[in-house]
file upload_10.txt (compact mmCIF, C-alpha atoms)
# COMPACT_ATOMS: atom_id res chain seq x y z
CA MET T 5 60.54 -22.12 -31.54
CA ALA T 6 62.40 -21.84 -34.75
CA ALA T 7 64.83 -18.97 -35.09
CA VAL T 8 63.58 -15.74 -36.62
CA LYS T 9 64.46 -15.97 -40.26
CA PRO T 10 63.48 -13.61 -43.08
CA ARG T 11 62.77 -14.88 -46.58
CA VAL T 12 62.16 -13.07 -49.84
CA LYS T 13 61.03 -14.27 -53.23
CA GLY T 14 60.98 -12.26 -56.42
CA PRO T 15 62.22 -12.40 -60.01
CA LYS T 16 65.98 -12.22 -60.71
CA SER T 17 65.49 -9.85 -63.61
CA ALA T 18 62.81 -7.59 -65.09
CA SER T 19 62.32 -5.32 -68.11
CA ALA T 20 62.61 -1.58 -67.45
CA GLY T 21 59.28 -0.24 -66.22
CA GLU T 22 57.96 -3.69 -65.37
CA VAL T 23 55.82 -4.17 -62.27
CA ILE T 24 57.07 -7.15 -60.31
CA THR T 25 55.55 -9.04 -57.42
CA ILE T 26 57.64 -9.49 -54.29
CA LYS T 27 56.75 -12.00 -51.61
CA THR T 28 58.21 -11.81 -48.12
CA LEU T 29 57.89 -14.05 -45.12
CA ILE T 30 59.52 -13.96 -41.72
CA SER T 31 59.29 -16.77 -39.20
CA HIS T 32 58.32 -15.07 -35.96
CA PRO T 33 55.95 -16.03 -33.11
CA MET T 34 54.17 -12.62 -33.08
CA GLU T 35 53.32 -12.90 -29.39
CA SER T 36 50.36 -10.54 -29.04
CA GLY T 37 50.75 -9.65 -25.35
CA GLN T 38 47.16 -10.76 -24.72
CA ARG T 39 47.98 -14.30 -23.67
CA LYS T 40 48.83 -15.69 -20.24
CA ASP T 41 51.16 -18.52 -19.33
CA ASN T 42 50.21 -21.49 -17.17
CA ASP T 43 50.79 -19.48 -13.97
CA GLY T 44 48.47 -16.71 -15.08
CA ASN T 45 51.17 -14.16 -15.83
CA ALA T 46 50.83 -12.12 -18.98
CA ILE T 47 53.27 -13.12 -21.72
CA PRO T 48 54.93 -9.88 -22.82
CA ARG T 49 54.17 -8.65 -26.31
CA GLN T 50 56.81 -9.34 -28.90
CA ILE T 51 55.91 -8.74 -32.51
CA ILE T 52 57.40 -7.43 -35.70
CA ASN T 53 55.99 -3.90 -35.59
CA LYS T 54 57.34 -2.44 -38.82
CA PHE T 55 58.34 -3.62 -42.26
CA THR T 56 60.01 -1.58 -44.98
CA CYS T 57 61.28 -2.26 -48.46
CA GLU T 58 63.71 0.11 -50.17
CA PHE T 59 65.01 0.01 -53.73
CA ASN T 60 68.41 1.67 -54.23
CA GLY T 61 67.77 3.72 -51.09
CA GLN T 62 64.30 4.82 -52.10
CA MET T 63 61.27 3.66 -50.12
CA VAL T 64 59.07 1.29 -52.11
CA PHE T 65 56.74 -0.11 -49.48
CA SER T 66 56.39 0.15 -45.73
CA CYS T 67 53.82 -0.79 -43.17
CA ASP T 68 53.21 -0.83 -39.45
CA ILE T 69 52.15 -4.17 -38.08
CA ASP T 70 49.90 -4.61 -35.05
CA PRO T 71 49.32 -7.47 -32.61
CA ALA T 72 46.36 -8.89 -34.55
CA VAL T 73 48.69 -10.13 -37.28
CA SER T 74 49.32 -13.83 -36.84
CA ALA T 75 52.61 -15.68 -36.52
CA ASN T 76 55.04 -15.78 -39.44
CA PRO T 77 53.76 -12.64 -41.19
CA TYR T 78 53.61 -12.94 -44.97
CA LEU T 79 53.55 -9.76 -47.05
CA GLU T 80 53.16 -9.56 -50.79
CA PHE T 81 53.37 -6.33 -52.76
CA THR T 82 54.29 -5.01 -56.19
CA ALA T 83 57.04 -2.63 -57.23
CA LYS T 84 57.91 -0.96 -60.50
CA VAL T 85 61.49 -1.55 -61.62
CA ASN T 86 63.09 1.15 -63.80
CA GLU T 87 66.73 0.26 -63.27
CA ALA T 88 68.92 -2.56 -62.05
CA GLY T 89 69.63 -2.47 -58.35
CA SER T 90 69.00 -3.94 -54.99
CA PHE T 91 65.94 -4.27 -52.80
CA LYS T 92 66.58 -3.96 -49.09
CA PHE T 93 64.02 -5.42 -46.72
CA THR T 94 63.84 -4.56 -43.03
CA TRP T 95 61.75 -6.04 -40.26
CA VAL T 96 61.76 -4.29 -36.87
CA ASP T 97 61.11 -6.34 -33.74
CA ASP T 98 59.60 -5.03 -30.47
CA ASP T 99 62.81 -5.98 -28.68
CA GLY T 100 64.77 -3.65 -30.94
CA SER T 101 66.22 -6.34 -33.17
CA VAL T 102 66.28 -5.50 -36.84
CA TYR T 103 66.22 -8.30 -39.38
CA THR T 104 67.27 -7.53 -42.92
CA ASP T 105 67.48 -9.21 -46.27
CA GLU T 106 68.57 -8.03 -49.71
CA LYS T 107 67.70 -9.02 -53.20
CA GLU T 108 69.47 -7.98 -56.40
CA ILE T 109 67.54 -7.46 -59.60
CA ALA T 110 68.98 -7.09 -63.09
CA LEU T 111 67.45 -5.52 -66.17
CA LYS T 112 66.53 -7.79 -69.04
CA MET F 3 24.24 -1.38 -77.69
CA LYS F 4 22.27 -4.50 -78.31
CA LYS F 5 25.41 -6.38 -79.22
CA HIS F 6 26.94 -5.25 -75.93
CA TYR F 7 24.04 -6.78 -73.99
CA LEU F 8 24.50 -10.02 -75.81
CA VAL F 9 28.12 -10.19 -74.79
CA VAL F 10 27.14 -9.60 -71.16
CA ALA F 11 24.48 -12.30 -71.34
CA ALA F 12 26.96 -14.70 -72.87
CA SER F 13 29.54 -14.05 -70.19
CA ILE F 14 26.96 -14.60 -67.46
CA ALA F 15 26.01 -17.90 -69.05
CA LEU F 16 29.68 -18.80 -69.20
CA ALA F 17 30.22 -17.84 -65.59
CA GLY F 18 27.28 -20.04 -64.66
CA ALA F 19 28.78 -22.97 -66.51
CA VAL F 20 32.17 -22.44 -64.87
CA SER F 21 30.80 -22.24 -61.35
CA ALA F 22 28.67 -25.30 -62.00
CA THR F 23 31.77 -27.37 -62.73
CA ALA F 24 33.68 -25.79 -59.85
CA PHE F 25 30.98 -26.89 -57.42
CA ALA F 26 30.49 -30.37 -58.77
CA GLY F 27 33.02 -31.64 -56.25
CA GLY F 28 34.92 -33.96 -58.53
CA PRO F 29 38.66 -33.82 -59.12
CA VAL F 30 39.80 -30.82 -61.14
CA ASP F 31 41.58 -31.45 -64.40
CA GLU F 32 44.84 -29.66 -63.64
CA GLU F 33 48.47 -30.51 -63.11
CA LEU F 34 50.49 -29.92 -59.99
CA VAL F 35 53.94 -28.51 -60.65
CA ILE F 36 55.89 -27.47 -57.57
CA ASP F 37 57.71 -24.15 -58.03
CA GLY F 38 57.35 -24.56 -61.79
CA GLU F 39 59.99 -27.30 -61.66
CA ILE F 40 58.89 -30.56 -60.13
CA GLN F 41 56.16 -32.26 -62.13
CA MET F 42 53.98 -34.24 -59.74
CA THR F 43 52.01 -37.37 -60.51
CA THR F 44 48.65 -36.65 -58.94
CA ARG F 45 46.56 -39.07 -60.98
CA THR F 46 47.68 -42.45 -62.16
CA ALA F 47 46.38 -45.87 -63.08
CA ALA F 48 45.56 -47.94 -60.01
CA PRO F 49 47.79 -50.91 -59.11
CA GLU F 50 46.53 -54.41 -59.76
CA GLY F 51 43.82 -55.52 -57.38
CA HIS F 52 42.79 -51.93 -56.60
CA PRO F 53 39.02 -51.35 -56.41
CA LEU F 54 39.26 -48.03 -58.30
CA ASP F 55 40.42 -47.49 -61.88
CA GLU F 56 42.45 -44.40 -61.12
CA VAL F 57 44.12 -43.16 -57.97
CA ILE F 58 43.79 -39.40 -57.52
CA SER F 59 45.58 -37.17 -55.05
CA GLY F 60 43.49 -35.13 -52.64
CA TRP F 61 45.05 -32.05 -54.22
CA HIS F 62 42.55 -32.32 -57.10
CA TYR F 63 39.60 -31.99 -54.74
CA ARG F 64 40.66 -28.75 -53.07
CA THR F 65 39.89 -25.15 -53.97
CA LYS F 66 41.99 -23.14 -56.37
CA GLU F 67 43.52 -21.12 -53.51
CA THR F 68 44.49 -24.20 -51.52
CA ARG F 69 45.98 -25.84 -54.60
CA ALA F 70 48.04 -22.73 -55.30
CA LEU F 71 49.49 -22.79 -51.77
CA GLU F 72 50.91 -26.25 -52.36
CA ALA F 73 52.30 -25.41 -55.80
CA ASP F 74 54.62 -22.74 -54.39
CA THR F 75 57.00 -23.82 -51.65
CA PHE F 76 57.43 -20.19 -50.62
CA GLU F 77 53.72 -19.88 -49.88
CA ASN F 78 53.27 -23.37 -48.49
CA PRO F 79 52.88 -22.71 -44.75
CA ALA F 80 54.15 -26.19 -43.90
CA MET F 81 57.60 -25.40 -45.24
CA LEU F 82 58.29 -23.65 -41.93
CA GLY F 83 57.71 -27.01 -40.28
CA VAL F 84 60.04 -28.67 -42.77
CA GLU F 85 62.71 -26.11 -41.87
CA ASP F 86 62.19 -26.90 -38.19
CA GLY F 87 62.73 -30.53 -39.14
CA GLU F 88 66.01 -29.66 -40.81
CA GLN F 89 67.16 -28.00 -37.61
CA ILE F 90 66.23 -31.07 -35.57
CA TRP F 91 68.04 -33.28 -38.10
CA ASN F 92 71.26 -31.43 -37.29
CA THR F 93 70.73 -31.15 -33.51
CA VAL F 94 72.69 -33.46 -31.23
CA GLU F 95 70.53 -35.18 -28.62
CA GLY F 96 70.82 -38.09 -26.20
CA THR F 97 73.61 -39.86 -24.38
CA GLU F 98 75.52 -40.90 -27.51
CA GLY F 99 76.11 -37.29 -28.54
CA LYS F 100 74.69 -37.82 -31.98
CA SER F 101 72.27 -36.08 -34.29
CA CYS F 102 70.48 -37.63 -37.26
CA ALA F 103 73.16 -36.05 -39.44
CA SER F 104 75.98 -37.77 -37.51
CA CYS F 105 75.06 -41.07 -39.16
CA HIS F 106 72.97 -40.06 -42.17
CA GLY F 107 74.82 -36.94 -43.28
CA ASP F 108 73.10 -34.71 -45.76
CA ALA F 109 69.41 -35.63 -45.80
CA SER F 110 68.95 -34.41 -49.36
CA GLU F 111 71.19 -37.31 -50.40
CA SER F 112 70.74 -39.97 -47.73
CA MET F 113 66.97 -39.58 -47.45
CA ALA F 114 66.16 -38.98 -51.12
CA GLY F 115 63.38 -41.38 -52.09
CA VAL F 116 63.37 -43.08 -48.70
CA GLY F 117 60.04 -41.70 -47.48
CA ALA F 118 58.18 -42.96 -50.54
CA HIS F 119 58.54 -46.58 -49.41
CA PHE F 120 57.30 -46.45 -45.82
CA PRO F 121 55.75 -48.23 -43.91
CA LYS F 122 58.50 -50.84 -44.10
CA TRP F 123 58.84 -54.20 -42.45
CA ASP F 124 60.81 -54.08 -39.20
CA ALA F 125 62.24 -57.51 -38.42
CA ASP F 126 63.26 -56.49 -34.87
CA SER F 127 59.76 -55.70 -33.71
CA GLY F 128 58.07 -58.09 -36.16
CA ARG F 129 55.69 -55.43 -37.50
CA PRO F 130 55.64 -52.67 -40.09
CA ILE F 131 56.97 -49.30 -38.98
CA ASN F 132 56.39 -45.87 -40.42
CA ILE F 133 58.83 -42.94 -40.49
CA GLU F 134 57.72 -41.75 -37.04
CA LEU F 135 58.58 -45.13 -35.51
CA GLN F 136 61.81 -45.39 -37.48
CA ILE F 137 62.84 -42.03 -36.00
CA ASN F 138 62.00 -43.29 -32.51
CA LYS F 139 63.96 -46.48 -33.14
CA CYS F 140 67.02 -44.45 -34.14
CA ARG F 141 66.60 -42.16 -31.15
CA GLU F 142 66.48 -45.06 -28.71
CA GLU F 143 69.01 -47.40 -30.24
CA ARG F 144 71.58 -45.07 -31.75
CA MET F 145 71.21 -41.68 -30.11
CA GLY F 146 70.32 -42.77 -26.58
CA ALA F 147 67.52 -40.23 -26.62
CA GLU F 148 63.93 -40.46 -25.46
CA PRO F 149 61.55 -41.56 -28.23
CA TYR F 150 59.01 -38.92 -29.24
CA ALA F 151 55.50 -39.38 -27.89
CA PHE F 152 52.81 -39.34 -30.58
CA ASP F 153 52.71 -35.95 -32.34
CA LYS F 154 54.98 -34.48 -29.65
CA GLY F 155 58.43 -32.93 -29.70
CA GLY F 156 60.01 -32.93 -33.11
CA GLN F 157 58.05 -35.87 -34.46
CA LYS F 158 55.90 -34.06 -37.03
CA PRO F 159 58.50 -31.60 -38.38
CA LEU F 160 61.22 -34.25 -38.57
CA THR F 161 58.91 -36.71 -40.31
CA ALA F 162 57.86 -33.98 -42.74
CA TYR F 163 61.50 -33.05 -43.39
CA ILE F 164 62.50 -36.64 -44.11
CA LYS F 165 59.50 -37.32 -46.33
CA HIS F 166 59.96 -34.00 -48.12
CA GLN F 167 63.29 -35.32 -49.44
CA SER F 168 61.19 -37.69 -51.57
CA LEU F 169 59.05 -34.91 -53.07
CA GLY F 170 57.79 -36.09 -56.45
CA GLU F 171 58.92 -39.69 -55.92
CA PRO F 172 56.14 -42.23 -56.61
CA VAL F 173 54.80 -44.09 -53.59
CA SER F 174 55.42 -47.82 -53.58
CA LEU F 175 55.47 -50.48 -50.89
CA ASP F 176 57.28 -53.78 -50.89
CA LEU F 177 54.61 -56.18 -49.69
CA ALA F 178 56.94 -59.17 -50.09
CA GLU F 179 59.04 -57.96 -47.15
CA GLY F 180 58.54 -60.00 -43.99
CA ASP F 181 54.91 -60.34 -43.09
CA MET F 182 53.75 -57.16 -44.84
CA GLN F 183 51.13 -59.01 -46.86
CA SER F 184 49.21 -60.16 -43.80
CA TRP F 185 49.26 -56.62 -42.40
CA TRP F 186 47.96 -55.42 -45.76
CA ASP F 187 45.15 -57.98 -45.49
CA LYS F 188 44.36 -56.82 -41.99
CA GLY F 189 44.38 -53.19 -43.10
CA LYS F 190 42.06 -54.01 -45.98
CA GLU F 191 39.63 -55.71 -43.62
CA LEU F 192 39.64 -52.63 -41.39
CA TYR F 193 39.14 -50.36 -44.40
CA TYR F 194 35.91 -52.13 -45.25
CA THR F 195 34.67 -52.60 -41.68
CA ARG F 196 31.89 -50.29 -40.52
CA PHE F 197 32.59 -48.50 -37.26
CA GLY F 198 30.84 -46.29 -34.81
CA GLN F 199 27.33 -45.03 -34.21
CA LEU F 200 27.23 -43.74 -37.78
CA ASN F 201 28.15 -47.20 -38.99
CA LEU F 202 30.66 -46.05 -41.59
CA SER F 203 33.70 -47.72 -43.05
CA CYS F 204 36.54 -45.87 -44.77
CA SER F 205 35.27 -47.21 -48.10
CA ASN F 206 31.76 -45.78 -47.66
CA CYS F 207 33.13 -42.27 -48.06
CA HIS F 208 36.47 -42.51 -49.81
CA GLU F 209 35.72 -45.31 -52.27
CA ASP F 210 31.96 -45.12 -52.88
CA HIS F 211 31.50 -41.35 -52.71
CA ASN F 212 34.77 -39.60 -53.43
CA GLY F 213 34.17 -36.48 -55.47
CA GLU F 214 30.84 -35.91 -53.75
CA TYR F 215 29.94 -33.81 -50.78
CA ILE F 216 30.09 -34.72 -47.12
CA ARG F 217 28.16 -31.85 -45.57
CA ALA F 218 29.95 -28.77 -46.98
CA ASP F 219 33.18 -30.46 -47.94
CA HIS F 220 34.39 -32.55 -50.84
CA LEU F 221 35.31 -36.14 -50.22
CA SER F 222 38.63 -37.19 -51.69
CA GLN F 223 39.96 -40.70 -52.11
CA GLY F 224 41.64 -40.35 -48.73
CA GLN F 225 45.18 -40.74 -50.06
CA VAL F 226 48.07 -40.35 -47.64
CA ASN F 227 50.85 -39.42 -50.10
CA GLY F 228 51.04 -35.86 -48.74
CA PHE F 229 51.35 -36.58 -45.01
CA PRO F 230 52.33 -34.99 -42.71
CA THR F 231 49.90 -32.55 -44.31
CA TYR F 232 49.30 -28.91 -43.48
CA ARG F 233 45.60 -28.57 -42.73
CA LEU F 234 44.33 -25.02 -42.91
CA LYS F 235 41.65 -25.99 -40.41
CA GLN F 236 44.26 -26.76 -37.75
CA ALA F 237 46.85 -24.30 -39.10
CA ALA F 238 49.49 -26.93 -38.39
CA LEU F 239 51.09 -30.09 -39.68
CA VAL F 240 48.84 -33.10 -39.16
CA SER F 241 50.21 -36.63 -38.95
CA VAL F 242 48.56 -39.52 -40.74
CA HIS F 243 47.59 -41.34 -37.53
CA ASN F 244 46.04 -38.15 -36.22
CA ARG F 245 43.95 -37.97 -39.41
CA PHE F 246 42.97 -41.64 -39.17
CA ARG F 247 41.85 -41.07 -35.60
CA GLY F 248 39.95 -37.93 -36.63
CA CYS F 249 38.07 -39.82 -39.32
CA ILE F 250 37.24 -42.71 -37.00
CA ARG F 251 36.14 -40.27 -34.29
CA ASP F 252 33.79 -38.66 -36.82
CA THR F 253 32.05 -41.98 -37.30
CA ARG F 254 31.41 -41.72 -33.54
CA ALA F 255 33.53 -44.75 -32.82
CA GLU F 256 36.21 -45.22 -30.20
CA TYR F 257 39.48 -44.78 -32.00
CA PRO F 258 42.59 -46.95 -31.64
CA ALA F 259 45.82 -45.57 -30.20
CA ALA F 260 48.36 -44.04 -32.57
CA PHE F 261 50.88 -46.61 -33.86
CA SER F 262 48.63 -49.44 -32.62
CA ASP F 263 48.46 -52.62 -34.70
CA GLU F 264 45.12 -51.48 -36.15
CA LEU F 265 46.36 -48.11 -37.38
CA MET F 266 49.67 -49.50 -38.64
CA ALA F 267 47.78 -52.10 -40.68
CA LEU F 268 45.50 -49.36 -41.98
CA GLU F 269 48.49 -47.20 -42.87
CA VAL F 270 50.04 -50.07 -44.85
CA TYR F 271 46.82 -50.64 -46.77
CA VAL F 272 45.91 -46.99 -47.35
CA THR F 273 49.47 -46.16 -48.45
CA TRP F 274 49.27 -49.02 -50.94
CA ARG F 275 46.01 -47.57 -52.28
CA GLY F 276 48.02 -44.52 -53.32
CA THR F 277 50.69 -46.50 -55.16
CA GLY F 278 52.16 -44.46 -58.00
CA LEU F 279 51.19 -41.05 -56.66
CA SER F 280 54.03 -38.62 -56.02
CA VAL F 281 55.00 -37.93 -52.43
CA GLU F 282 53.56 -34.43 -51.84
CA THR F 283 54.83 -33.90 -48.29
CA PRO F 284 54.04 -31.37 -47.04
CA ALA F 285 50.71 -31.17 -48.85
CA VAL F 286 48.22 -28.39 -48.11
CA ARG F 287 44.61 -29.34 -47.56
CA GLN F 288 41.44 -27.68 -46.32
call {"tool": "encode", "arguments": {"input": "upload_10.txt", "output": "structure tokens"}}
result
Amino acid sequence: MAAVKPRVKGPKSASAGEVITIKTLISHPMESGQRKDNDGNAIPRQIINKFTCEFNGQMVFSCDIDPAVSANPYLEFTAKVNEAGSFKFTWVDDDGSVYTDEKEIALK
Amino acid sequence: MKKHYLVVAASIALAGAVSATAFAGGPVDEELVIDGEIQMTTRTAAPEGHPLDEVISGWHYRTKETRALEADTFENPAMLGVEDGEQIWNTVEGTEGKSCASCHGDASESMAGVGAHFPKWDADSGRPINIELQINKCREERMGAEPYAFDKGGQKPLTAYIKHQSLGEPVSLDLAEGDMQSWWDKGKELYYTRFGQLNLSCSNCHEDHNGEYIRADHLSQGQVNGFPTYRLKQAALVSVHNRFRGCIRDTRAEYPAAFSDELMALEVYVTWRGTGLSVETPAVRQ
């Protein structure tokens, strides 16, 4: 399995008040907990259960993720940009790991 | 009010016309630009001796949504496989304590354009080899590692990673190398030979009827410039020999083993049929 790695794509700059599209992807197996291994033992659940996106400390988008979401969850959403700043993205894993990424945006 | 109705009627008529073209099944008249930067050649004049006038990438035969996935490397699901391949490239394996990078260094330099010219003649084994077999050769001879079994281990991601370094590069084969020409001849014969209970040759679908329907799906020219390809149906990278075998199986024939003489000859010939098309690896198809 490839290492868990977050990725974010969005514009480098935007006009004030512009609505931009942000795409996020994290490589993750999203083990649902419903499967069994070759010996018949249940494979423990391990998924990304929460995703948040903050802009300059203010929540822009967040969601809870459940086991039905397939591997490598891809999320796309829009955000309105009024000022230059930084988006902070957070993915929370069942095992307690927190994966983060940041993206700066400038005003045009 | 009446005018308003007219506008509605006109837009319905227009919508009808649009959907009629969308369902005709032929290649769409659009251009593939990866990430808004790399201009891809997806249609080009056929090489001399080619039965068709124009070679067209399978990208043109897919739906709008599928085409969009390939045009953006962020959304292309196969790029995860390519990243796996990069990891394998840098991983030391075998008794010699080497990785691919130990000899070849940075793949973006050493492998640039390389994948566009495979299969190549291999004088040691006296037959053409593709990237998969070249990797196995390196693993055995230089790394002291076990060769990958067909489609197993890192074979697909590593092949995709190496071929991805040639993204946009036009496909061309050197048929003057070694005995390539006779393998091309053999591949051509296979291409036109009918197989299986359905009695179909490759050409029956991909030459005679490309752009038309086969059951609910569009037939393309069967180009291999985007392999290993991400097929949405399998939700995974699919190697070219896997696809050959799948097609032959669908004619209800017994299919040859991967990397057998038959499939290598077919790969040489079918790759040549796509001469001039950009390498699209990893392409996204239905």
call {"tool": "closest_atom_pairs", "arguments": {"input": "upload_10.txt", "of": "chain F", "to": "chain T", "cutoff": "10 Å", "atoms": "all atoms listed in the file", "output": "Markdown table"}}
result
| residue | atom | partner | partner_atom | distance |
| --- | --- | --- | --- | --- |
| F:Phe76 | CA | T:Lys13 | CA | 7.4 |
| F:Glu77 | CA | T:Tyr78 | CA | 8.5 |
| F:Pro79 | CA | T:Asn76 | CA | 9.0 |
| F:Leu82 | CA | T:Ser31 | CA | 7.5 |
| F:Gly83 | CA | T:Ala6 | CA | 8.9 |
| F:Glu85 | CA | T:Ala6 | CA | 8.3 |
| F:Asp86 | CA | T:Ala6 | CA | 6.1 |
| F:Gly87 | CA | T:Ala6 | CA | 9.7 |
| F:Gln89 | CA | T:Ala6 | CA | 8.3 |
call {"tool": "residues_around", "arguments": {"input": "upload_10.txt", "residues": "Gln183 (chain F)", "least_positions_apart": "4", "cutoff": "12 Å", "atoms": "only C-alpha atoms", "output": "list in words"}}
result
Lys122, Trp123, Arg129, Pro130, Leu175, Asp176, Leu177, Ala178, Glu179, Asp187, Lys188, Gly189, Lys190, Ala267, Val270, Tyr271 and Trp274 of chain F
call {"tool": "residues_around", "arguments": {"input": "upload_10.txt", "residues": "Asn78 (chain F)", "least_positions_apart": "6", "cutoff": "9 Å", "atoms": "all atoms listed in the file", "output": "count of residues only"}}
result
7
call {"tool": "residues_around", "arguments": {"input": "upload_10.txt", "residues": "Phe91 (chain T)", "least_positions_apart": "2", "cutoff": "8 Å", "atoms": "only C-alpha atoms", "output": "JSON, numbers by chain"}}
result
{"T": [57, 58, 59, 60, 89, 93, 106, 107, 108, 109]}
call {"tool": "residues_near_point", "arguments": {"input": "upload_10.txt", "point": "(48.3, -31.7, -39.9)", "cutoff": "12 Å", "atoms": "all atoms listed in the file", "output": "PyMOL selection string"}}
result
chain F and resi 79-80+83+153+157-159+161-162+226+228-246+248+283-288
call {"tool": "residues_around", "arguments": {"input": "upload_10.txt", "residues": "Gly21 (chain T)", "least_positions_apart": "5", "cutoff": "10 Å", "atoms": "only C-alpha atoms", "output": "count of residues only"}}
result
6
call {"tool": "residues_around", "arguments": {"input": "upload_10.txt", "residues": "Asp31 (chain F)", "least_positions_apart": "2", "cutoff": "10 Å", "atoms": "only C-alpha atoms", "output": "JSON, numbers by chain"}}
result
{"F": [28, 29, 33, 45, 62, 63]}
call {"tool": "decode", "arguments": {"input": "upload_10.txt", "residues": "region 188-208 of chain F", "atoms": "N, CA and C atoms", "output": "PDB file, in the first residue's frame"}}
result
ATOM      1  N   LYS F 188       4.143 -10.941 -38.438  1.00  0.00           N
ATOM      2  CA  LYS F 188       3.424 -11.970 -37.693  1.00  0.00           C
ATOM      3  C   LYS F 188       2.244 -11.338 -36.926  1.00  0.00           C
ATOM      4  N   GLY F 189       2.517 -10.173 -36.353  1.00  0.00           N
ATOM      5  CA  GLY F 189       1.472  -9.461 -35.620  1.00  0.00           C
ATOM      6  C   GLY F 189       0.338  -9.060 -36.546  1.00  0.00           C
ATOM      7  N   LYS F 190       0.704  -8.622 -37.755  1.00  0.00           N
ATOM      8  CA  LYS F 190      -0.307  -8.216 -38.726  1.00  0.00           C
ATOM      9  C   LYS F 190      -1.193  -9.408 -39.102  1.00  0.00           C
ATOM     10  N   GLU F 191      -0.539 -10.556 -39.282  1.00  0.00           N
ATOM     11  CA  GLU F 191      -1.304 -11.750 -39.642  1.00  0.00           C
ATOM     12  C   GLU F 191      -2.303 -12.088 -38.533  1.00  0.00           C
ATOM     13  N   LEU F 192      -1.824 -11.991 -37.279  1.00  0.00           N
ATOM     14  CA  LEU F 192      -2.719 -12.270 -36.152  1.00  0.00           C
ATOM     15  C   LEU F 192      -3.872 -11.280 -36.097  1.00  0.00           C
ATOM     16  N   TYR F 193      -3.558 -10.007 -36.409  1.00  0.00           N
ATOM     17  CA  TYR F 193      -4.562  -8.945 -36.330  1.00  0.00           C
ATOM     18  C   TYR F 193      -5.732  -9.233 -37.268  1.00  0.00           C
ATOM     19  N   TYR F 194      -5.418  -9.858 -38.395  1.00  0.00           N
ATOM     20  CA  TYR F 194      -6.462 -10.116 -39.389  1.00  0.00           C
ATOM     21  C   TYR F 194      -6.979 -11.556 -39.351  1.00  0.00           C
ATOM     22  N   THR F 195      -6.530 -12.336 -38.356  1.00  0.00           N
ATOM     23  CA  THR F 195      -6.991 -13.719 -38.264  1.00  0.00           C
ATOM     24  C   THR F 195      -8.222 -13.805 -37.369  1.00  0.00           C
ATOM     25  N   ARG F 196      -9.245 -14.469 -37.845  1.00  0.00           N
ATOM     26  CA  ARG F 196     -10.459 -14.628 -37.032  1.00  0.00           C
ATOM     27  C   ARG F 196     -10.253 -15.711 -35.986  1.00  0.00           C
ATOM     28  N   PHE F 197     -10.693 -15.405 -34.777  1.00  0.00           N
ATOM     29  CA  PHE F 197     -10.533 -16.325 -33.652  1.00  0.00           C
ATOM     30  C   PHE F 197     -11.874 -16.619 -33.013  1.00  0.00           C
ATOM     31  N   GLY F 198     -11.905 -17.742 -32.323  1.00  0.00           N
ATOM     32  CA  GLY F 198     -12.977 -18.004 -31.372  1.00  0.00           C
ATOM     33  C   GLY F 198     -14.307 -18.398 -31.982  1.00  0.00           C
ATOM     34  N   GLN F 199     -15.244 -18.733 -31.075  1.00  0.00           N
ATOM     35  CA  GLN F 199     -16.566 -19.155 -31.521  1.00  0.00           C
ATOM     36  C   GLN F 199     -17.294 -18.028 -32.231  1.00  0.00           C
ATOM     37  N   LEU F 200     -16.952 -16.786 -31.892  1.00  0.00           N
ATOM     38  CA  LEU F 200     -17.606 -15.661 -32.566  1.00  0.00           C
ATOM     39  C   LEU F 200     -16.926 -15.328 -33.890  1.00  0.00           C
ATOM     40  N   ASN F 201     -15.801 -15.981 -34.131  1.00  0.00           N
ATOM     41  CA  ASN F 201     -15.126 -15.848 -35.413  1.00  0.00           C
ATOM     42  C   ASN F 201     -14.789 -14.394 -35.750  1.00  0.00           C
ATOM     43  N   LEU F 202     -14.122 -13.730 -34.810  1.00  0.00           N
ATOM     44  CA  LEU F 202     -13.791 -12.319 -34.993  1.00  0.00           C
ATOM     45  C   LEU F 202     -12.282 -12.114 -35.011  1.00  0.00           C
ATOM     46  N   SER F 203     -11.847 -11.219 -35.868  1.00  0.00           N
ATOM     47  CA  SER F 203     -10.454 -10.785 -35.813  1.00  0.00           C
ATOM     48  C   SER F 203     -10.439  -9.393 -35.193  1.00  0.00           C
ATOM     49  N   CYS F 204      -9.251  -8.928 -34.820  1.00  0.00           N
ATOM     50  CA  CYS F 204      -9.129  -7.574 -34.271  1.00  0.00           C
ATOM     51  C   CYS F 204      -9.721  -6.573 -35.254  1.00  0.00           C
ATOM     52  N   SER F 205      -9.406  -6.803 -36.562  1.00  0.00           N
ATOM     53  CA  SER F 205      -9.782  -5.824 -37.582  1.00  0.00           C
ATOM     54  C   SER F 205     -11.295  -5.719 -37.756  1.00  0.00           C
ATOM     55  N   ASN F 206     -12.021  -6.811 -37.507  1.00  0.00           N
ATOM     56  CA  ASN F 206     -13.478  -6.771 -37.686  1.00  0.00           C
ATOM     57  C   ASN F 206     -14.112  -5.664 -36.860  1.00  0.00           C
ATOM     58  N   CYS F 207     -13.623  -5.493 -35.633  1.00  0.00           N
ATOM     59  CA  CYS F 207     -14.170  -4.436 -34.782  1.00  0.00           C
ATOM     60  C   CYS F 207     -13.401  -3.128 -34.969  1.00  0.00           C
ATOM     61  N   HIS F 208     -12.095  -3.182 -34.763  1.00  0.00           N
ATOM     62  CA  HIS F 208     -11.336  -1.940 -34.592  1.00  0.00           C
ATOM     63  C   HIS F 208     -10.960  -1.265 -35.913  1.00  0.00           C
TER      64      HIS F 208
END
